[in-house]
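Visitor: Below are the structure tokens for one structure; questions will follow.
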Amino acid sequence: DAKTTQPPSMDCAEGRAANLPCNHSTISGNEYVYWYRQIHSQGPQYIIHGLKNNETNEMASLIITEDRKSSTLILPHATLRDTAVYYCIVQTGANNLFFGTGTRLTVIP
Amino acid sequence: EPEVTQTPSHQVTQMGQEVILRCVPISNHLYFYWYRQILGQKVEFLVSFYNNEISEKSEIFDDQFSVERPDGSNFTLKIRSTKLEDSAMYFCASRGQFWTNEKLFFGSGTQLSVL
């Protein structure tokens, strides 16, 4: 599975959009981009995933560049409860999830 | 939304003792996983399990570890002789289909403390 690079930490003002970047320059054609988050020491929580098209669900939007070498997770209106570690993971459907160190997002009141 | 249930939420044991961590995956799921997270570190893959056998395991999952699906609903992780460095949060996860890029559902974890 391709390696990902994320900034170690980010801040976002409450109510503003949080844009979390991820680089995955070695991604291959059949690998998906997944985003999970971990609030405090709870179990990781699925947010969204995509292959090459942009995706949106009730939690977030995922923007994948045309060359698929990077992506951005967007939380449109961040709340204090969105403070968490966010993991960008690239994998094929047949493989297990391997977590990196993620981005620690702090939402500031 | 369906949930993966883990028991107990906290387990304290003495070094050298055997411990069994229990998980009830989502009922129609076929693939099961154990992960662990040592305090302050990243979430680490331990083992995946399908059709009553191990599909993949990491270097961490040595002979001291074993997994079992003893009945139609439970999935267990056994550590035969615990060590201090086994202290961690252990997460169970499950998914339905392997090839359709389905998400993993994680339990809330069992905090294992080895004294």
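Scheme for the structure tokens: letters A, B, ... for chains in order shown; per-chain residue numbers from 1; ligand numbers from 1 in order shown.
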Can you pull out the residues contacting stretch 39-54 of chain A? Cut-off 7 Å, using only C-alpha atoms, and skip same-chain residues under 5 positions away; I want them as a list of chain:residue names.
Guide: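 Residues meeting the cut-off are A:Glu31, A:Tyr32, A:Val33, A:Tyr34, A:Met59, A:Leu62, A:Ile63, A:Ile64, A:Arg68, A:Thr83, A:Ala84, A:Val85, B:Phe91, B:Lys103, B:Phe106, B:Gly107, B:Ser108, B:Gly109.
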Visitor: Selected residues, N, CA and C atoms, written as a short mmCIF file (atom, residue, chain, number, x, y, z; two decimals), in the first residue's frame, please.
Guide:
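The file below, part37.cif, is the result:
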data_model
loop_
_atom_site.label_atom_id
_atom_site.label_comp_id
_atom_site.auth_asym_id
_atom_site.auth_seq_id
_atom_site.Cartn_x
_atom_site.Cartn_y
_atom_site.Cartn_z
N GLU A 31 -5.88 1.71 -5.86
CA GLU A 31 -5.87 2.03 -4.43
C GLU A 31 -6.84 3.16 -4.12
N TYR A 32 -7.59 2.95 -3.05
CA TYR A 32 -8.54 3.93 -2.58
C TYR A 32 -7.90 4.82 -1.52
N VAL A 33 -8.45 6.00 -1.35
CA VAL A 33 -8.07 6.89 -0.26
C VAL A 33 -9.17 6.84 0.80
N TYR A 34 -8.78 6.45 2.01
CA TYR A 34 -9.70 6.38 3.15
C TYR A 34 -9.33 7.43 4.18
N MET A 59 -20.77 13.64 6.83
CA MET A 59 -19.70 14.07 7.73
C MET A 59 -18.73 15.03 7.05
N LEU A 62 -14.48 14.82 0.36
CA LEU A 62 -13.14 14.38 -0.02
C LEU A 62 -12.85 14.86 -1.43
N ILE A 63 -11.79 15.67 -1.54
CA ILE A 63 -11.37 16.18 -2.84
C ILE A 63 -10.07 15.48 -3.22
N ILE A 64 -10.08 14.79 -4.34
CA ILE A 64 -8.89 14.08 -4.82
C ILE A 64 -8.41 14.77 -6.09
N ARG A 68 -4.34 12.18 -8.67
CA ARG A 68 -4.53 11.32 -7.50
C ARG A 68 -3.34 11.28 -6.55
N THR A 83 -12.55 17.79 17.19
CA THR A 83 -11.16 17.69 17.65
C THR A 83 -10.78 16.21 17.76
N ALA A 84 -9.76 15.81 17.00
CA ALA A 84 -9.42 14.39 16.90
C ALA A 84 -8.13 14.25 16.10
N VAL A 85 -7.63 13.03 16.01
CA VAL A 85 -6.54 12.71 15.09
C VAL A 85 -7.18 12.13 13.83
N PHE B 91 -8.13 -2.85 20.00
CA PHE B 91 -9.35 -2.60 19.26
C PHE B 91 -9.69 -3.79 18.38
N LYS B 103 -15.95 -0.19 4.60
CA LYS B 103 -15.24 0.39 5.73
C LYS B 103 -15.13 -0.61 6.87
N PHE B 106 -14.97 -0.24 14.04
CA PHE B 106 -14.14 -0.51 15.21
C PHE B 106 -14.97 -0.49 16.48
N GLY B 107 -14.57 -1.34 17.43
CA GLY B 107 -15.12 -1.28 18.77
C GLY B 107 -14.48 -0.15 19.57
N SER B 108 -14.96 0.03 20.77
CA SER B 108 -14.45 1.13 21.60
C SER B 108 -13.19 0.74 22.38
N GLY B 109 -12.79 -0.51 22.28
CA GLY B 109 -11.50 -0.91 22.81
C GLY B 109 -11.53 -1.51 24.21
#
Visitor: Using only C-alpha atoms, determine which residues lie at most 10 Å from B:Ser48, disregarding the query and same-chain residues fewer than 6 positions distant; provide the list as a PyMOL selection string.
Guide: (chain A and resi 95-96) or (chain B and resi 31-35+54-58+67+92-94)
Visitor: Residues near B:Asn52, anyone? I mean within 9 Å using only C-alpha atoms, not counting same-chain ones fewer than 3 positions away, as a short mmCIF file (atom, residue, chain, number, x, y, z; two decimals) with N, CA, C and O atoms, in the first residue's frame.
Guide:
data_model
loop_
_atom_site.label_atom_id
_atom_site.label_comp_id
_atom_site.auth_asym_id
_atom_site.auth_seq_id
_atom_site.Cartn_x
_atom_site.Cartn_y
_atom_site.Cartn_z
N PHE B 49 -8.72 -12.06 10.20
CA PHE B 49 -9.27 -13.41 10.37
C PHE B 49 -10.48 -13.55 9.48
O PHE B 49 -11.36 -12.68 9.46
N GLU B 68 -9.51 -16.57 18.01
CA GLU B 68 -10.47 -17.65 17.87
C GLU B 68 -11.85 -17.07 17.68
O GLU B 68 -12.15 -15.99 18.18
N ARG B 69 -12.65 -17.82 16.93
CA ARG B 69 -14.07 -17.48 16.82
C ARG B 69 -14.80 -18.70 17.37
O ARG B 69 -15.15 -19.60 16.61
#
Visitor: When distances are computed from only C-alpha atoms, which of A:Arg16, A:His77, A:Lys3, A:Arg37 shows the smallest separation from chain B?
Guide: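 Closest candidate: A:Arg37.
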Visitor: May I ask which of the residues B:Cys23, B:Leu46, B:Val4, B:Ile38 is the closest one to B:Glu85, counting only C-alpha atoms?
Guide: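 Among the listed residues, the smallest separation from B:Glu85 belongs to B:Ile38.
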Visitor: Do you have the atom CA of A:Thr4-atom CA of A:Thr72 distance handy?
Guide: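 Distance reported for this atom pair: 12.2 Å.
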Visitor: From the options A:Thr106, A:Asn19, A:Thr26, A:Gln6, which residue's atoms come nearest to A:Leu75, counting only C-alpha atoms?
Guide: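 Between A:Thr106, A:Asn19, A:Thr26, A:Gln6, the residue approaching A:Leu75 most closely is A:Asn19.
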Visitor: List every residue of chain B that DSSP, applied to the backbone of this structure, assigns to strand (DSSP E), and report them as an NGL selection string.
Guide: :B and (5-7 or 10-13 or 19-24 or 31-37 or 44-50 or 53-57 or 65-68 or 75-79 or 88-95 or 105-106 or 110-114)
Visitor: Nearest to chain A: which of B:Asp86, B:Glu44, B:Glu3, B:Glu59 is it, counting only C-alpha atoms?
Guide: B:Glu44
Visitor: Quick one, how far is atom CA of A:Pro109 from atom CA of A:Met10?
Guide: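 Here the two named atoms are 14.2 Å from each other.
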